[in-house]
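**Q** Here you go, one structure.
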Amino acid sequence: MKKSEIKPGDSLSWLRRDLCALWVRSLTVAVVLVALVLVVRGGDKKVNVSKIHGRIQYVNSFPDYKVQAVTSFPDLRVQIVTSFPDKPGQWQIVDSFPDYKIEMVNSFPDFTIEYVTSFPGPAK
């Protein structure tokens with residue numbers, strides 16, 4: 001196309017069209033990412049605390065669960081054991097190869113625990 005054939009509005013129309021297409025694609029990607037995060041997170045479902053037993057490692061980042069220790073009305077009563085943590089609420093604290101990684105928090109826990117010396121398990 002010769003320079004004399006270009007009309008005043010034509011030089012920017014392709015740019016506007018490309019920017020609009022780019023904006024639509026970006027918006028679509030953002031919506032898909034938000035939907036994916038909601039599906040992966042699964043909303044605010046309650047944790048089935050009866051399955052939390054075994055080898056436990058306390059961590060400061062990237063936990064499987066965030067837990068708050070309380071003295072009344074816990075979700076799970078936890079007994080610390082040195083071997084065979086095979087019942088709900090029995091935890092063996094380890095430094096490597098954990099079944100679950102737990103971060104102790106003061107607010108917004110996934111569930112609460114109370115340390116006990118007998119009768120571990122989900123609170124009723």
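Ligands are numbered from 1 in the order shown, chains are lettered A, B, ... in the order of the structure tokens, and residues start at 1 in each chain.
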Quick one: residues within 10 Å of segment 51-64 of chain A, only C-alpha atoms, excluding same-chain residues fewer than 6 positions away - as a PyMOL selection string?

**A** chain A and resi 76+78-105+110+121-122

**Q** Quick one: residues within 10 Å of Ala123 of chain A, only C-alpha atoms, excluding same-chain residues fewer than 2 positions away - as an NGL selection string?

**A** :A and (49-50 or 73-77 or 89 or 113-114 or 119-121)

**Q** Running DSSP on the backbone, which parts of segment 4-111 of chain A land in strand (DSSP E), as a ChimeraX atom specification?

**A** /A:54-58,65-69,76-80,90-93,100-104,111
